[in-house]
Every structure is written in C-alpha cells, then in structure tokens.
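**Student:** Just one file: protein_21.cif, with mmCIF, C-alpha atoms.
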```
data_query
#
loop_
_atom_site.label_atom_id
_atom_site.label_comp_id
_atom_site.auth_asym_id
_atom_site.auth_seq_id
_atom_site.Cartn_x
_atom_site.Cartn_y
_atom_site.Cartn_z
CA MET D 1 -136.04 -149.91 41.08
CA LYS D 2 -132.36 -150.29 41.78
CA ILE D 3 -130.44 -147.42 43.34
CA GLY D 4 -126.63 -147.44 43.35
CA VAL D 5 -125.05 -146.34 46.64
CA ILE D 6 -121.49 -145.28 45.88
CA ARG D 7 -118.66 -146.33 48.19
CA PHE D 8 -115.23 -144.70 48.29
CA PRO D 9 -112.55 -145.51 50.86
CA GLY D 10 -113.67 -143.27 53.73
CA THR D 11 -117.39 -143.20 52.90
CA ASN D 12 -119.26 -143.76 56.17
CA CYS D 13 -122.95 -142.98 55.56
CA ASP D 14 -123.42 -145.76 52.98
CA ARG D 15 -125.35 -148.15 55.23
CA ASP D 16 -127.61 -145.40 56.57
CA VAL D 17 -128.35 -144.36 52.98
CA ALA D 18 -129.04 -147.97 51.93
CA LYS D 19 -131.50 -148.29 54.83
CA ALA D 20 -133.22 -145.04 53.83
CA VAL D 21 -133.45 -146.22 50.21
CA GLU D 22 -135.12 -149.41 51.47
CA LEU D 23 -137.56 -147.48 53.66
CA ALA D 24 -138.52 -145.50 50.55
CA GLY D 25 -139.46 -148.78 48.84
CA LEU D 26 -136.43 -149.04 46.56
CA THR D 27 -133.60 -151.56 46.26
CA PRO D 28 -130.15 -150.28 47.21
CA GLU D 29 -126.97 -151.80 45.85
CA TYR D 30 -123.48 -150.80 46.91
CA VAL D 31 -121.21 -149.65 44.09
CA TRP D 32 -117.45 -149.50 44.61
CA TRP D 33 -115.44 -146.48 43.37
CA SER D 34 -113.70 -148.56 40.69
CA GLU D 35 -116.94 -149.46 38.86
CA GLU D 36 -117.40 -147.61 35.61
CA LYS D 37 -120.53 -149.23 34.20
CA LEU D 38 -123.61 -148.03 36.08
CA THR D 39 -126.21 -148.46 33.36
CA ASP D 40 -128.14 -151.04 35.45
CA TYR D 41 -129.14 -148.42 38.00
CA ASP D 42 -132.22 -146.23 37.98
CA GLY D 43 -130.57 -143.63 40.17
CA ILE D 44 -127.48 -142.94 42.26
CA VAL D 45 -126.81 -141.70 45.79
CA ILE D 46 -123.31 -140.51 46.71
CA PRO D 47 -123.36 -140.78 50.53
CA GLY D 48 -121.46 -138.72 53.06
CA GLY D 49 -118.21 -139.48 54.83
CA PHE D 50 -114.60 -138.53 54.37
CA SER D 51 -113.61 -140.04 51.03
CA TYR D 52 -109.82 -140.34 50.75
CA GLY D 53 -109.46 -138.58 54.09
CA ASP D 54 -110.62 -135.26 52.57
CA TYR D 55 -107.02 -134.86 51.30
CA LEU D 56 -106.36 -131.76 49.15
CA ARG D 57 -110.01 -130.69 49.45
CA ALA D 58 -113.16 -132.57 50.45
CA GLY D 59 -114.17 -134.62 47.41
CA ALA D 60 -111.09 -133.80 45.30
CA MET D 61 -109.65 -137.32 45.13
CA ALA D 62 -113.03 -138.99 44.63
CA SER D 63 -113.69 -136.70 41.68
CA ILE D 64 -111.11 -138.48 39.48
CA THR D 65 -112.22 -142.10 40.12
CA PRO D 66 -113.75 -144.35 37.40
CA VAL D 67 -117.20 -144.35 39.06
CA ILE D 68 -117.48 -140.62 38.32
CA ASP D 69 -117.33 -141.35 34.57
CA GLY D 70 -120.17 -143.84 35.10
CA ILE D 71 -122.20 -141.24 36.99
CA LYS D 72 -121.67 -138.67 34.22
CA GLU D 73 -122.96 -141.21 31.69
CA LEU D 74 -126.10 -141.81 33.81
CA VAL D 75 -126.69 -138.07 34.03
CA LYS D 76 -126.66 -137.95 30.22
CA GLU D 77 -129.42 -140.60 30.32
CA GLU D 78 -131.38 -138.27 32.62
CA LYS D 79 -131.24 -140.57 35.66
CA PRO D 80 -131.47 -138.79 39.05
CA VAL D 81 -128.33 -138.38 41.19
CA LEU D 82 -128.34 -137.25 44.83
CA GLY D 83 -125.08 -136.24 46.56
CA ILE D 84 -125.25 -135.91 50.34
CA CYS D 85 -122.61 -134.07 52.41
CA ASN D 86 -119.29 -135.47 51.08
CA GLY D 87 -121.35 -136.57 48.06
CA ALA D 88 -122.41 -132.94 47.58
CA GLN D 89 -118.80 -131.80 47.81
CA ILE D 90 -117.88 -134.38 45.14
CA LEU D 91 -120.68 -133.20 42.80
CA GLY D 92 -119.33 -129.65 43.20
CA GLU D 93 -115.77 -130.79 42.48
CA ILE D 94 -116.76 -132.55 39.25
CA GLY D 95 -118.90 -129.62 38.17
CA LEU D 96 -122.20 -131.51 37.85
CA VAL D 97 -123.70 -128.84 40.10
CA PRO D 98 -122.61 -125.20 40.21
CA GLY D 99 -120.42 -123.87 43.03
CA ILE D 100 -118.39 -125.57 45.71
CA PHE D 101 -118.64 -126.36 49.44
CA ILE D 102 -115.62 -125.04 51.37
CA THR D 103 -114.43 -124.64 54.98
CA ASN D 104 -117.11 -123.23 57.31
CA GLU D 105 -116.87 -119.57 58.25
CA TYR D 106 -116.20 -120.73 61.80
CA PRO D 107 -114.08 -123.75 60.90
CA LYS D 108 -115.47 -126.13 63.48
CA PHE D 109 -117.13 -129.47 62.66
CA ASN D 110 -120.75 -128.48 62.99
CA CYS D 111 -123.25 -131.17 63.98
CA GLU D 112 -126.82 -130.09 64.71
CA TRP D 113 -130.45 -130.14 63.57
CA VAL D 114 -131.40 -127.19 61.36
CA ASP D 115 -134.52 -125.73 59.82
CA LEU D 116 -134.40 -125.53 56.05
CA LYS D 117 -136.52 -123.71 53.49
CA VAL D 118 -137.36 -125.69 50.38
CA ALA D 119 -136.40 -123.15 47.70
CA THR D 120 -137.68 -125.21 44.80
CA SER D 121 -139.88 -128.29 44.56
CA ARG D 122 -139.03 -128.93 40.90
CA THR D 123 -136.35 -131.57 41.67
CA PRO D 124 -137.39 -135.22 42.09
CA PHE D 125 -136.00 -135.09 45.63
CA THR D 126 -138.07 -132.12 46.78
CA LYS D 127 -141.22 -132.72 44.72
CA ALA D 128 -143.13 -133.95 47.80
CA PHE D 129 -142.65 -130.57 49.49
CA LYS D 130 -144.19 -127.20 48.76
CA THR D 131 -141.88 -124.38 47.70
CA SER D 132 -141.03 -122.24 50.78
CA GLN D 133 -142.05 -125.07 53.13
CA THR D 134 -139.84 -125.46 56.22
CA ILE D 135 -138.37 -128.89 56.92
CA SER D 136 -135.99 -130.15 59.59
CA LEU D 137 -132.81 -132.17 58.89
CA PRO D 138 -129.45 -132.67 60.63
CA ILE D 139 -126.17 -131.27 59.31
CA ALA D 140 -122.69 -132.62 60.14
CA HIS D 141 -119.75 -131.00 58.37
CA ALA D 142 -116.74 -128.70 58.62
CA GLU D 143 -116.64 -127.93 54.90
CA GLY D 144 -120.12 -126.92 53.92
CA ARG D 145 -119.94 -123.20 53.17
CA PHE D 146 -121.51 -122.83 49.76
CA TYR D 147 -119.69 -120.51 47.36
CA THR D 148 -120.36 -119.74 43.73
CA GLU D 149 -119.03 -117.14 41.32
CA ASP D 150 -122.42 -116.47 39.76
CA ILE D 151 -125.27 -116.42 42.25
CA ASP D 152 -127.62 -114.56 39.87
CA LEU D 153 -127.42 -117.38 37.33
CA LEU D 154 -128.50 -119.88 40.02
CA LYS D 155 -131.49 -117.72 40.90
CA ASP D 156 -132.46 -117.19 37.25
CA GLN D 157 -132.31 -120.92 36.52
CA ASP D 158 -134.08 -122.00 39.74
CA GLN D 159 -131.09 -124.06 40.90
CA ILE D 160 -131.25 -123.25 44.63
CA VAL D 161 -132.87 -126.25 46.36
CA LEU D 162 -132.50 -125.69 50.14
CA GLN D 163 -131.55 -122.69 52.28
CA PHE D 164 -130.92 -122.51 56.01
CA GLU D 165 -133.73 -120.79 57.85
CA GLY D 166 -133.38 -118.68 60.99
CA LYS D 167 -129.58 -118.81 60.98
CA ASN D 168 -126.69 -119.52 58.65
CA PRO D 169 -124.52 -122.01 60.60
CA ASN D 170 -121.57 -122.17 58.17
CA GLY D 171 -121.56 -118.79 56.41
CA SER D 172 -122.90 -120.13 53.10
CA MET D 173 -123.62 -117.60 50.36
CA GLU D 174 -127.30 -116.58 50.80
CA ALA D 175 -127.59 -119.46 53.34
CA ILE D 176 -127.69 -121.95 50.43
CA THR D 177 -127.03 -125.56 51.43
CA SER D 178 -128.37 -127.46 48.44
CA VAL D 179 -128.21 -126.78 44.70
CA CYS D 180 -129.12 -128.69 41.54
CA ASP D 181 -128.03 -128.75 37.92
CA GLU D 182 -130.12 -127.04 35.23
CA SER D 183 -132.35 -130.09 34.76
CA GLY D 184 -132.96 -130.51 38.50
CA LEU D 185 -132.09 -134.21 38.28
CA VAL D 186 -128.65 -133.85 39.90
CA CYS D 187 -128.91 -132.50 43.41
CA ALA D 188 -126.16 -131.76 45.96
CA MET D 189 -127.15 -131.23 49.59
CA MET D 190 -125.09 -130.79 52.76
CA PRO D 191 -127.85 -131.85 55.23
CA HIS D 192 -128.34 -135.58 55.88
CA PRO D 193 -131.84 -136.76 54.83
CA GLU D 194 -130.90 -140.38 55.61
CA ARG D 195 -130.64 -139.43 59.29
CA ALA D 196 -134.22 -138.17 59.33
CA CYS D 197 -136.23 -141.03 57.81
CA GLU D 198 -138.09 -142.23 60.89
CA GLU D 199 -140.11 -140.28 63.46
CA LEU D 200 -138.13 -142.12 66.15
CA PHE D 201 -135.08 -140.05 65.17
CA GLY D 202 -136.89 -136.74 65.40
CA SER D 203 -138.18 -136.25 61.86
CA ASP D 204 -139.03 -138.23 58.75
CA ASP D 205 -138.73 -135.25 56.38
CA GLY D 206 -135.65 -136.91 54.89
CA LEU D 207 -137.54 -139.92 53.53
CA ASN D 208 -139.16 -137.81 50.78
CA PHE D 209 -135.73 -137.17 49.25
CA PHE D 210 -135.33 -140.93 48.64
CA LYS D 211 -138.95 -141.41 47.56
CA GLY D 212 -138.02 -138.90 44.86
CA PHE D 213 -136.35 -141.72 42.91
CA LEU D 214 -139.76 -143.43 42.48
CA MET B 1 -82.84 -134.29 33.71
CA LEU B 2 -84.47 -134.24 37.12
CA PHE B 3 -86.66 -131.27 38.00
CA ASP B 4 -87.84 -130.17 41.43
CA ILE B 5 -91.44 -128.99 41.20
CA GLU B 6 -93.11 -126.69 43.67
CA VAL B 7 -96.82 -125.80 43.47
CA LYS B 8 -98.06 -123.04 45.75
CA ILE B 9 -101.83 -122.96 46.17
CA SER B 10 -103.68 -120.06 47.76
CA LEU B 11 -107.27 -118.90 48.00
CA LYS B 12 -108.16 -116.20 45.44
CA SER B 13 -107.94 -112.73 46.91
CA GLY B 14 -111.19 -111.66 48.50
CA MET B 15 -112.07 -115.25 49.46
CA LEU B 16 -112.83 -115.74 53.13
CA ASN B 17 -109.99 -117.74 54.72
CA PRO B 18 -111.13 -118.93 58.19
CA GLU B 19 -107.74 -120.50 58.97
CA ALA B 20 -105.90 -117.23 58.29
CA THR B 21 -108.46 -115.24 60.31
CA THR B 22 -108.02 -117.61 63.26
CA ILE B 23 -104.21 -117.32 63.05
CA GLU B 24 -104.48 -113.54 62.94
CA ARG B 25 -106.74 -113.47 66.02
CA SER B 26 -104.44 -115.86 67.88
CA LEU B 27 -101.36 -113.76 67.11
CA GLU B 28 -103.25 -110.75 68.45
CA LEU B 29 -103.90 -112.70 71.65
CA LEU B 30 -100.12 -113.05 72.01
CA GLY B 31 -99.79 -109.28 71.63
CA TYR B 32 -98.60 -109.12 68.01
CA ASP B 33 -100.16 -106.59 65.70
CA VAL B 34 -100.45 -108.38 62.34
CA ASN B 35 -102.60 -107.76 59.28
CA ASN B 36 -103.47 -109.53 56.04
CA VAL B 37 -102.60 -113.07 57.17
CA LYS B 38 -102.73 -115.53 54.28
CA THR B 39 -102.14 -119.27 54.21
CA VAL B 40 -100.48 -120.94 51.24
CA GLU B 41 -100.31 -124.69 50.67
CA THR B 42 -97.13 -126.03 49.05
CA ILE B 43 -96.95 -129.34 47.20
CA LYS B 44 -93.49 -130.55 46.17
CA PHE B 45 -92.48 -133.41 43.92
CA GLN B 46 -89.91 -134.39 41.31
CA MET B 47 -90.25 -135.15 37.61
CA GLU B 48 -87.87 -136.56 35.04
CA GLY B 49 -87.82 -134.82 31.64
CA GLU B 50 -85.87 -132.92 29.03
CA ASP B 51 -87.90 -129.79 28.41
CA ARG B 52 -88.75 -127.42 31.25
CA GLU B 53 -91.74 -125.99 29.35
CA VAL B 54 -93.23 -129.45 28.75
CA ILE B 55 -92.92 -130.17 32.46
CA ARG B 56 -94.57 -126.85 33.28
CA GLU B 57 -97.48 -127.65 30.94
CA ASN B 58 -97.90 -131.02 32.64
CA VAL B 59 -97.95 -129.47 36.11
CA THR B 60 -100.46 -126.82 34.96
CA ASP B 61 -102.67 -129.70 33.83
CA MET B 62 -102.32 -131.36 37.25
CA CYS B 63 -103.36 -128.11 38.93
CA GLU B 64 -106.45 -127.71 36.76
CA ARG B 65 -107.52 -131.35 37.06
CA LEU B 66 -106.78 -132.21 40.68
CA LEU B 67 -104.46 -130.11 42.81
CA CYS B 68 -106.56 -126.92 42.72
CA ASN B 69 -110.15 -125.94 42.27
CA PRO B 70 -110.06 -123.06 39.76
CA VAL B 71 -113.27 -121.63 41.27
CA ILE B 72 -111.52 -120.69 44.54
CA HIS B 73 -107.76 -121.14 44.06
CA ASP B 74 -104.79 -119.33 42.51
CA TYR B 75 -101.61 -121.30 41.97
CA LYS B 76 -97.96 -120.65 41.22
CA ILE B 77 -95.67 -123.27 39.70
CA ASN B 78 -91.89 -123.41 40.10
CA VAL B 79 -89.92 -125.83 37.93
CA ILE B 80 -86.30 -125.99 39.01
CA PRO B 81 -83.69 -128.21 37.27
CA GLN B 82 -82.14 -130.15 40.13
CA ASN B 83 -78.49 -129.33 39.39
CA MET B 84 -79.43 -125.62 39.64
CA ALA B 85 -81.23 -126.16 42.94
CA CYS B 86 -78.11 -127.79 44.32
CA GLY B 87 -75.97 -124.89 43.11
CA LYS B 88 -73.68 -127.13 41.07
#
```
Will you turn the file into structure tokens for me?
**Tutor:**
Amino acid sequence: MKIGVIRFPGTNCDRDVAKAVELAGLTPEYVWWSEEKLTDYDGIVIPGGFSYGDYLRAGAMASITPVIDGIKELVKEEKPVLGICNGAQILGEIGLVPGIFITNEYPKFNCEWVDLKVATSRTPFTKAFKTSQTISLPIAHAEGRFYTEDIDLLKDQDQIVLQFEGKNPNGSMEAITSVCDESGLVCAMMPHPERACEELFGSDDGLNFFKGFL
Amino acid sequence: MLFDIEVKISLKSGMLNPEATTIERSLELLGYDVNNVKTVETIKFQMEGEDREVIRENVTDMCERLLCNPVIHDYKINVIPQNMACGK
C-alpha cells in the first residue's frame, strides 16, 4: 500500500512520518504541494511543520495549493487522510474537518508529552484502541487551541477523536485535540504520533495511527 | 484608475485573543489602567480597475478564500481611489 506524504515549503516532519509509515508496514512516497493527481495513493498523511512560514494563519497558504484539490478528490473516493499538527491546521482551514486550531491560550510554543483520551475508536487511525483508553503522545505547537462554532454537532456525530487528559495545555474547547469528518476517514490531530512509534522514544502508541491505513 | 485597498482583520467579538490579553497585562505592569485591548491586522495593497464596487467584490472574495477564516474573523474593507487618498 502506497501512502502519500505531502510536502509544502516549510514542512519539517515529513521524514519522521515516512519512517513511521514504513514501520507500520506501508510504503511512503513524498508528494510535492504542486501535485494535483493523487489517485495512485491508498492514503495521505499531511505532516507537521510550518508550511509557508505560518503566514496569515497556520495552514492558510497551504490550503489553496493544487495538492489540496487532489486530497479532496481522494476523500471523495473514501481514502483515509491523516493531518498531523500543521497538517491538522490545514485540514481545518480547508474545511475537511470541523473547527480550527488557533493560538494557544498561553501563546507559548508548547512542547511536551501529554496523556490523551481516545474519544472514539471508529476512525481507521484509532481502531486499535479502546474508546476511553489513555494513550501518551508528544505535542509541539503554538497554534493548537481547538475552536468550533458547534460543539454539540461534533458530539452528536461522534467526531471528537482525542482529548487531553489531566490538563488542557492550550485551552482547547473541551480539551479536544483531534477531530474527524462525518465518515471518520479524515482525521486532524495536533499530537505527533510519528514521534512515538518506537519504545526507545518513550512510547509506541503512535504506530497504531499509521497501521490504521492497513 | 488605481485604488488603495485596506483590509482590517480582527477576531470576532467574544473570541479569546491571547496577544491582546498579554498586551493588556504588560501595560498594567507599566502602571497604565487599560481595558478591552484588541489587536487588528491590516493588509494593504493596490489594484487597477474602473469600478469601485467590482474591486470591493473582488477583495471580499479574497477575504473569504484566503485572507480571513470566517469561523473566527471579522473583516472591514476600504477601497480608496488613489487620487482621493492623495487629496488631489
């Protein structure tokens, strides 16, 4: 299975993601922002970083590139798409997931390991976990405060994927740090699963997110 | 005709604005008693055209598609014919 790893100018987690995709038993292939035809891929990861220097808003510039049209086409074909950190911000900007990730309540770049509650295991990326299970992943962002205009709709449609547990490090609405579209196939998450794919790094909880493409 | 365009982007009222809160706290540290600090981002550019309304429609489009995120932002657009701006 071939997984497209999207690269924008300023993406910096692409190689970590490609390694994680490999560890999960899949074949990663880098896809540049100018590509529009993505039909060869069985799934897509939009990695973290600072695409286009986070100008205007994190993810704003990336949201109007040709590769986004390709991603929207793949979503129509019901292929899974995972956006991590800056990738999550981009998915929010293009409206493939509800809500948006904005400047942290305390606007410092926040880099730490956090405990997370799996709020739903219906997405491909969280299917290996039990609902309400606690997992551990690192976060690294200054713009990760989740905000949506209609929180009740998200609850009704089971679109909340991960919530911070024990504390809410960025002031996100209801401590939400990952959401999905209605189908569950498009998932945006601020934590970095690719940085937690080997026990050597403290946890391998992140690997299951990539195995979700299988 | 050349138009000067000004787009002012602010967070919708009621939205938490950490930058404004930090400025307010810092001004208090200096001994100033200030309330309701807001930050507004201004983007300026020029456009060539004949009809002010057509230009305004174009800029509204830009705001909706890229410059703002309608979920969190309000925006105000000023379209000023350049000869007026110069006071000629």
**Student:** Pick out the chain D residues within 10 Å of chain B. Count only C-alpha atoms. Give them as a PyMOL selection string.
**Tutor:** chain D and resi 56-57+60-61+63-64+92-94+99-100+102-108+147-149+171
**Student:** Would you pick out the contacts of Gly49 (chain B) at 7 Å or less, using only C-alpha atoms, so that residues sharing its chain but fewer than 3 positions from it are not included, and give the list as a count of residues only?
**Tutor:** 3
**Student:** With the file shown as input, list the residues that the PyMOL selection byres ((chain D and resi 2-17) around 7) selects, as a count of residues only.
**Tutor:** 27
**Student:** Would you please work out which residue, of D:Cys187, D:Glu182, D:Pro66, D:Leu116, is nearest to Lys167 (chain D) when using only C-alpha atoms?
**Tutor:**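 Checking each candidate against Lys167 (chain D), we get D:Leu116 as the closest.
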**Student:** Here is a test: counting only C-alpha atoms, which residue of D:Ile71, D:Ile151, D:Ile176, D:Cys85 is nearest to Pro193 (chain D)?
**Tutor:** D:Cys85
**Student:** From the coordinates I just gave you, please extract chain B so that only C-alpha atoms remain, then output it as an mmCIF file, in the first residue's frame.
**Tutor:**
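Dumped to selection.cif:
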```cif
data_model
loop_
_atom_site.group_PDB
_atom_site.id
_atom_site.type_symbol
_atom_site.label_atom_id
_atom_site.label_comp_id
_atom_site.auth_asym_id
_atom_site.auth_seq_id
_atom_site.Cartn_x
_atom_site.Cartn_y
_atom_site.Cartn_z
ATOM 1 C CA MET B 1 -7.833 54.055 -12.038
ATOM 2 C CA LEU B 2 -5.589 52.963 -9.197
ATOM 3 C CA PHE B 3 -7.222 52.040 -5.902
ATOM 4 C CA ASP B 4 -5.591 51.725 -2.494
ATOM 5 C CA ILE B 5 -7.079 48.748 -0.665
ATOM 6 C CA GLU B 6 -7.013 48.266 3.067
ATOM 7 C CA VAL B 7 -8.298 45.100 4.756
ATOM 8 C CA LYS B 8 -8.613 45.155 8.539
ATOM 9 C CA ILE B 9 -8.920 41.719 10.117
ATOM 10 C CA SER B 10 -9.932 41.184 13.726
ATOM 11 C CA LEU B 11 -11.055 38.261 15.854
ATOM 12 C CA LYS B 12 -14.842 38.052 16.254
ATOM 13 C CA SER B 13 -16.017 39.625 19.486
ATOM 14 C CA GLY B 14 -16.029 37.147 22.331
ATOM 15 C CA MET B 15 -13.086 35.209 20.854
ATOM 16 C CA LEU B 16 -10.171 34.769 23.218
ATOM 17 C CA ASN B 17 -7.256 36.923 21.996
ATOM 18 C CA PRO B 18 -4.087 35.859 23.883
ATOM 19 C CA GLU B 19 -1.975 38.575 22.227
ATOM 20 C CA ALA B 20 -4.362 41.329 23.358
ATOM 21 C CA THR B 21 -4.551 39.868 26.878
ATOM 22 C CA THR B 22 -0.751 39.814 27.103
ATOM 23 C CA ILE B 23 -0.527 43.441 25.899
ATOM 24 C CA GLU B 24 -3.148 44.468 28.447
ATOM 25 C CA ARG B 25 -1.256 42.756 31.290
ATOM 26 C CA SER B 26 2.034 44.295 30.166
ATOM 27 C CA LEU B 27 0.543 47.800 30.043
ATOM 28 C CA GLU B 28 -0.740 47.227 33.573
ATOM 29 C CA LEU B 29 2.819 46.334 34.611
ATOM 30 C CA LEU B 30 3.867 49.775 33.361
ATOM 31 C CA GLY B 31 1.159 51.333 35.522
ATOM 32 C CA TYR B 32 -1.441 52.064 32.834
ATOM 33 C CA ASP B 33 -5.042 51.206 33.509
ATOM 34 C CA VAL B 34 -6.384 49.926 30.175
ATOM 35 C CA ASN B 35 -9.374 47.765 29.265
ATOM 36 C CA ASN B 36 -10.724 45.965 26.215
ATOM 37 C CA VAL B 37 -7.427 45.700 24.308
ATOM 38 C CA LYS B 38 -7.962 44.394 20.781
ATOM 39 C CA THR B 39 -5.459 43.650 18.032
ATOM 40 C CA VAL B 40 -6.309 44.276 14.387
ATOM 41 C CA GLU B 41 -4.231 43.081 11.443
ATOM 42 C CA THR B 42 -4.078 45.389 8.420
ATOM 43 C CA ILE B 43 -3.232 44.200 4.911
ATOM 44 C CA LYS B 44 -2.685 46.896 2.269
ATOM 45 C CA PHE B 45 -2.307 46.588 -1.474
ATOM 46 C CA GLN B 46 -3.213 48.336 -4.714
ATOM 47 C CA MET B 47 -5.489 47.317 -7.574
ATOM 48 C CA GLU B 48 -6.101 48.754 -11.010
ATOM 49 C CA GLY B 49 -9.748 48.984 -12.120
ATOM 50 C CA GLU B 50 -12.643 51.147 -13.229
ATOM 51 C CA ASP B 51 -15.458 50.254 -10.872
ATOM 52 C CA ARG B 52 -15.050 50.614 -7.115
ATOM 53 C CA GLU B 53 -17.833 48.091 -6.429
ATOM 54 C CA VAL B 54 -16.227 45.442 -8.654
ATOM 55 C CA ILE B 55 -12.963 45.932 -6.772
ATOM 56 C CA ARG B 56 -14.790 45.620 -3.463
ATOM 57 C CA GLU B 57 -16.422 42.360 -4.581
ATOM 58 C CA ASN B 58 -13.010 41.022 -5.573
ATOM 59 C CA VAL B 59 -11.481 41.913 -2.215
ATOM 60 C CA THR B 60 -14.446 40.343 -0.373
ATOM 61 C CA ASP B 61 -13.707 37.160 -2.324
ATOM 62 C CA MET B 62 -10.041 37.329 -1.273
ATOM 63 C CA CYS B 63 -11.091 37.673 2.360
ATOM 64 C CA GLU B 64 -13.418 34.677 2.212
ATOM 65 C CA ARG B 65 -10.963 32.467 0.326
ATOM 66 C CA LEU B 66 -7.610 33.282 1.910
ATOM 67 C CA LEU B 67 -7.083 36.424 3.965
ATOM 68 C CA CYS B 68 -9.558 35.550 6.741
ATOM 69 C CA ASN B 69 -11.072 32.480 8.283
ATOM 70 C CA PRO B 70 -14.802 33.253 8.519
ATOM 71 C CA VAL B 71 -15.105 30.935 11.542
ATOM 72 C CA ILE B 72 -13.057 33.278 13.757
ATOM 73 C CA HIS B 73 -12.550 36.565 11.895
ATOM 74 C CA ASP B 74 -14.451 39.772 11.100
ATOM 75 C CA TYR B 75 -13.074 42.000 8.365
ATOM 76 C CA LYS B 76 -13.520 45.530 7.089
ATOM 77 C CA ILE B 77 -12.574 46.583 3.568
ATOM 78 C CA ASN B 78 -11.626 50.110 2.497
ATOM 79 C CA VAL B 79 -11.342 50.861 -1.220
ATOM 80 C CA ILE B 80 -9.902 54.306 -1.816
ATOM 81 C CA PRO B 81 -9.336 55.770 -5.323
ATOM 82 C CA GLN B 82 -5.716 56.886 -5.233
ATOM 83 C CA ASN B 83 -6.267 60.481 -6.378
ATOM 84 C CA MET B 84 -8.661 60.913 -3.415
ATOM 85 C CA ALA B 85 -6.139 59.438 -0.989
ATOM 86 C CA CYS B 86 -3.582 61.952 -2.200
ATOM 87 C CA GLY B 87 -6.076 64.798 -1.771
ATOM 88 C CA LYS B 88 -5.760 65.924 -5.380
#
```
